[in-house]
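> Sharing entry-v2.cif below, mmCIF, C-alpha atoms:
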data_coords
loop_
_atom_site.label_atom_id
_atom_site.label_comp_id
_atom_site.auth_asym_id
_atom_site.auth_seq_id
_atom_site.Cartn_x
_atom_site.Cartn_y
_atom_site.Cartn_z
CA MET A 1 207.42 56.12 -88.98
CA LEU A 2 209.01 59.25 -88.23
CA GLN A 3 207.04 61.15 -90.61
CA SER A 4 203.86 60.46 -88.97
CA LEU A 5 205.01 62.03 -85.73
CA ASP A 6 205.58 65.42 -87.37
CA VAL A 7 201.98 65.70 -88.24
CA ILE A 8 200.90 64.97 -84.73
CA SER A 9 203.48 67.11 -83.10
CA VAL A 10 202.58 70.04 -80.94
CA ASN A 11 203.92 73.40 -81.90
CA LEU A 12 204.16 75.53 -78.83
CA TRP A 13 204.69 78.75 -80.74
CA LEU A 14 201.61 78.19 -82.75
CA ILE A 15 199.54 77.62 -79.57
CA LEU A 16 200.93 80.77 -77.98
CA ILE A 17 200.21 82.84 -81.10
CA SER A 18 196.70 81.39 -81.28
CA LEU A 19 196.16 82.24 -77.62
CA ALA A 20 197.50 85.74 -78.19
CA ASN A 21 195.22 86.13 -81.21
CA LEU A 22 192.28 84.88 -79.16
CA THR A 23 193.09 87.30 -76.29
CA ILE A 24 193.50 90.24 -78.68
CA LEU A 25 190.28 89.31 -80.45
CA PHE A 26 188.51 89.04 -77.05
CA LEU A 27 189.79 92.44 -75.96
CA ILE A 28 188.82 94.05 -79.27
CA ILE A 29 185.36 92.50 -79.14
CA LYS A 30 185.03 93.51 -75.50
CA LYS A 31 186.12 97.07 -76.21
CA PHE A 32 184.15 97.68 -79.40
CA LEU A 33 181.21 95.30 -79.22
CA TYR A 34 180.51 94.33 -75.59
CA GLY A 35 180.60 97.90 -74.23
CA PRO A 36 178.15 99.40 -76.74
CA VAL A 37 175.85 96.37 -76.51
CA LYS A 38 175.95 96.65 -72.71
CA LYS A 39 175.16 100.39 -72.98
CA VAL A 40 172.25 99.67 -75.36
CA LEU A 41 170.94 97.00 -73.00
CA ALA A 42 171.34 99.30 -69.98
CA LYS A 43 169.55 102.10 -71.86
CA ARG A 44 166.75 99.73 -72.85
CA ASP A 45 166.52 98.47 -69.27
CA SER A 46 166.36 102.07 -68.03
CA GLU A 47 163.61 102.92 -70.53
CA LEU A 48 161.62 99.86 -69.47
CA ASN A 49 162.04 100.80 -65.81
CA GLU A 50 160.86 104.35 -66.59
CA GLN A 51 157.84 102.98 -68.45
CA TYR A 52 157.04 100.65 -65.56
CA GLU A 53 157.43 103.51 -63.09
CA SER A 54 155.23 105.84 -65.19
CA ALA A 55 152.65 103.04 -65.49
CA ARG A 56 152.73 102.58 -61.70
CA GLU A 57 152.41 106.34 -61.25
CA ALA A 58 149.50 106.47 -63.71
CA GLU A 59 147.86 103.58 -61.85
CA ARG A 60 148.32 105.37 -58.51
CA SER A 61 146.96 108.58 -60.02
CA ALA A 62 144.00 106.72 -61.48
CA GLU A 63 143.32 105.09 -58.11
CA GLU A 64 143.49 108.48 -56.36
CA SER A 65 141.16 109.95 -58.99
CA ARG A 66 138.76 107.03 -58.53
CA ILE A 67 138.81 107.53 -54.75
CA ASN A 68 138.27 111.28 -55.15
CA TRP A 69 135.38 110.71 -57.56
CA GLU A 70 133.83 108.19 -55.22
CA LYS A 71 134.08 110.71 -52.38
CA LYS A 72 132.58 113.42 -54.59
CA LEU A 73 129.85 111.03 -55.71
CA GLN A 74 129.05 110.14 -52.10
CA GLY A 75 129.00 113.85 -51.23
CA ALA A 76 126.73 114.55 -54.20
CA ARG A 77 124.43 111.71 -53.18
CA ALA A 78 124.30 112.99 -49.62
CA GLU A 79 123.65 116.53 -50.88
CA ALA A 80 120.93 115.28 -53.25
CA GLU A 81 119.35 113.32 -50.42
CA GLY A 82 119.48 116.41 -48.20
CA ILE A 83 117.90 118.54 -50.91
CA LEU A 84 115.25 115.90 -51.49
CA ASN A 85 114.50 115.63 -47.77
CA GLY A 86 114.35 119.42 -47.48
CA ALA A 87 112.02 119.66 -50.47
CA THR A 88 109.85 116.89 -49.06
CA GLU A 89 109.67 118.62 -45.68
CA GLN A 90 108.90 121.95 -47.33
CA ALA A 91 106.19 120.32 -49.45
CA ARG A 92 104.72 118.74 -46.32
CA HIS A 93 104.62 122.15 -44.61
CA ARG A 94 103.01 123.74 -47.66
CA GLU A 95 100.49 120.89 -47.80
CA GLU A 96 99.58 121.43 -44.15
CA LYS A 97 99.29 125.18 -44.74
CA ILE A 98 97.11 124.72 -47.82
CA ILE A 99 94.90 122.17 -46.06
CA GLY A 100 94.57 124.46 -43.02
CA SER A 101 93.70 127.40 -45.24
CA ALA A 102 91.19 125.31 -47.18
CA GLU A 103 89.63 124.09 -43.94
CA GLU A 104 89.35 127.70 -42.68
CA ARG A 105 87.76 128.77 -45.96
CA ALA A 106 85.39 125.82 -45.87
CA GLU A 107 84.39 126.68 -42.31
CA ALA A 108 83.86 130.32 -43.29
CA ILE A 109 81.75 129.26 -46.27
CA ILE A 110 79.76 126.87 -44.06
CA HIS A 111 79.18 129.61 -41.47
CA LEU A 112 78.17 132.03 -44.21
CA ALA A 113 75.80 129.45 -45.73
CA GLU A 114 74.37 128.68 -42.29
CA ALA A 115 73.85 132.41 -41.64
CA GLU A 116 72.20 132.85 -45.03
CA ALA A 117 70.03 129.78 -44.42
CA GLU A 118 69.07 131.15 -41.00
CA LEU A 119 68.24 134.52 -42.57
CA VAL A 120 66.15 132.85 -45.28
CA ARG A 121 64.42 130.71 -42.63
CA LYS A 122 63.68 133.82 -40.52
CA ASN A 123 62.39 135.68 -43.58
CA ALA A 124 60.27 132.67 -44.53
CA THR A 125 58.98 132.40 -40.96
CA GLU A 126 58.15 136.10 -40.91
CA GLY A 127 56.48 135.76 -44.33
CA ILE A 128 54.43 132.82 -43.09
CA LYS A 129 53.48 134.76 -39.96
CA ARG A 130 52.41 137.70 -42.10
CA GLU A 131 50.44 135.36 -44.34
CA ILE A 132 48.80 133.73 -41.31
CA VAL A 133 47.92 137.17 -39.95
CA ALA A 134 46.57 138.22 -43.33
CA VAL A 135 44.64 134.98 -43.70
CA SER A 136 43.30 135.23 -40.16
CA GLY A 137 42.26 138.80 -40.81
CA ALA A 138 40.59 137.86 -44.10
CA LEU A 139 38.92 134.86 -42.48
CA ALA A 140 37.66 136.96 -39.59
CA GLU A 141 36.41 139.57 -42.02
CA LYS A 142 34.49 137.00 -44.05
CA MET A 143 33.13 135.40 -40.91
CA LEU A 144 31.88 138.68 -39.71
CA GLU A 145 30.17 139.40 -43.02
CA ARG A 146 27.86 136.43 -42.72
CA GLU A 147 27.09 133.52 -40.59
CA ILE A 148 28.74 130.35 -41.74
CA ASN A 149 27.35 126.83 -41.97
CA THR A 150 29.39 123.68 -42.73
CA GLU A 151 29.07 123.94 -46.44
CA ASP A 152 29.94 127.63 -46.40
CA HIS A 153 32.81 126.88 -44.09
CA HIS A 154 34.31 124.43 -46.63
CA ARG A 155 33.85 126.88 -49.49
CA LEU A 156 35.39 129.65 -47.42
CA ILE A 157 38.45 127.53 -46.63
CA ASP A 158 38.82 126.51 -50.29
CA SER A 159 38.60 130.10 -51.46
CA PHE A 160 41.04 131.14 -48.75
CA ILE A 161 43.51 128.48 -49.89
CA GLU A 162 43.15 129.66 -53.47
CA GLU A 163 43.84 133.26 -52.40
CA ILE A 164 46.93 132.16 -50.52
CA GLY A 165 48.11 130.25 -53.58
CA GLU A 166 47.55 133.31 -55.77
CA ALA A 167 49.34 135.53 -53.25
CA ASP A 168 52.34 133.13 -53.18
CA ASP A 169 52.45 133.15 -56.98
CA GLY A 170 52.51 136.95 -56.91
CA HIS A 171 55.46 137.05 -54.40
CA GLN A 172 57.62 134.63 -56.32
#
Starting from the file, give its structure as structure tokens.

Amino acid sequence: MLQSLDVISVNLWLILISLANLTILFLIIKKFLYGPVKKVLAKRDSELNEQYESAREAERSAEESRINWEKKLQGARAEAEGILNGATEQARHREEKIIGSAEERAEAIIHLAEAEAELVRKNATEGIKREIVAVSGALAEKMLEREINTEDHHRLIDSFIEEIGEADDGHQ
């Protein structure tokens, strides 16, 4: 039975050497592997933070640009509305001017036409008066040439009307 205890026995030197090996291996791994891996991870973390920060900065810049463009767009809309209102007002003034000028011209044309119509009416009236005087003179002359009865009177009037008609045809 003794032999079986040797196999189960605990060797303190072997445990200490194993612990020393484990500690040395831990220190070597820590020195050569953990440090560089930690540096790589820190560098990667730094790069990610820089990318996040640049993305935030780009987002802020884009928001500022959007706000500026909205302000410019509002200013442009206000300016366009002002220009449109000014053009509308100017067109309204021009319309009033043109209508006033047209009304003045129409009144002048109407007055001119009325004056011409009055002149034509006066000339026609004077022409009729002259014709009446001429007819009266011719009628008096014919009446003086002979004594007139009813039948002669009708013939005289008919011939007088024919002479007037011929005289009007000659004037036109």
> What box, with edges along x, y and z, holds each listed atom of range 37-45 of chain A when 3 Å is added on every side, and can you state its centre and edge lengths in Å to one decimal, as AutoDock Vina command-line options?

--center_x 171.2 --center_y 99.2 --center_z -72.9 --size_x 15.4 --size_y 11.7 --size_z 13.2
> Need to verify the contact set: Phe160 in chain A, 10 Å, all atoms listed in the file, exclusion of same-chain residues closer than 2 positions in sequence. Can you return it as a PDB file with C-alpha atoms, keeping the file's coordinate frame?

ATOM      1  CA  VAL A 135      44.640 134.980 -43.700  1.00  0.00           C
ATOM      2  CA  SER A 136      43.300 135.230 -40.160  1.00  0.00           C
ATOM      3  CA  ALA A 138      40.590 137.860 -44.100  1.00  0.00           C
ATOM      4  CA  LEU A 139      38.920 134.860 -42.480  1.00  0.00           C
ATOM      5  CA  LYS A 142      34.490 137.000 -44.050  1.00  0.00           C
ATOM      6  CA  HIS A 154      34.310 124.430 -46.630  1.00  0.00           C
ATOM      7  CA  ARG A 155      33.850 126.880 -49.490  1.00  0.00           C
ATOM      8  CA  LEU A 156      35.390 129.650 -47.420  1.00  0.00           C
ATOM      9  CA  ILE A 157      38.450 127.530 -46.630  1.00  0.00           C
ATOM     10  CA  ASP A 158      38.820 126.510 -50.290  1.00  0.00           C
ATOM     11  CA  GLU A 162      43.150 129.660 -53.470  1.00  0.00           C
ATOM     12  CA  GLU A 163      43.840 133.260 -52.400  1.00  0.00           C
ATOM     13  CA  ILE A 164      46.930 132.160 -50.520  1.00  0.00           C
ATOM     14  CA  GLY A 165      48.110 130.250 -53.580  1.00  0.00           C
ATOM     15  CA  GLU A 166      47.550 133.310 -55.770  1.00  0.00           C
TER      16      GLU A 166
END
> What does the structure give for the distance between CA of His153 in chain A and CA of Ile132 in chain A, in Å to one decimal?
17.6 Å
> Quick one: pull the distance between CA of Arg77 in chain A and CA of Glu63 in chain A, Å, one decimal.
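Atom-to-atom, CA of Arg77 in chain A to CA of Glu63 in chain A, that is 20.6 Å.
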> Hey, which of A:Ile83, A:Ile29, A:Ile161, A:Ala91 ends up closest to Glu131 in chain A? Count all atoms listed in the file.
A:Ile161
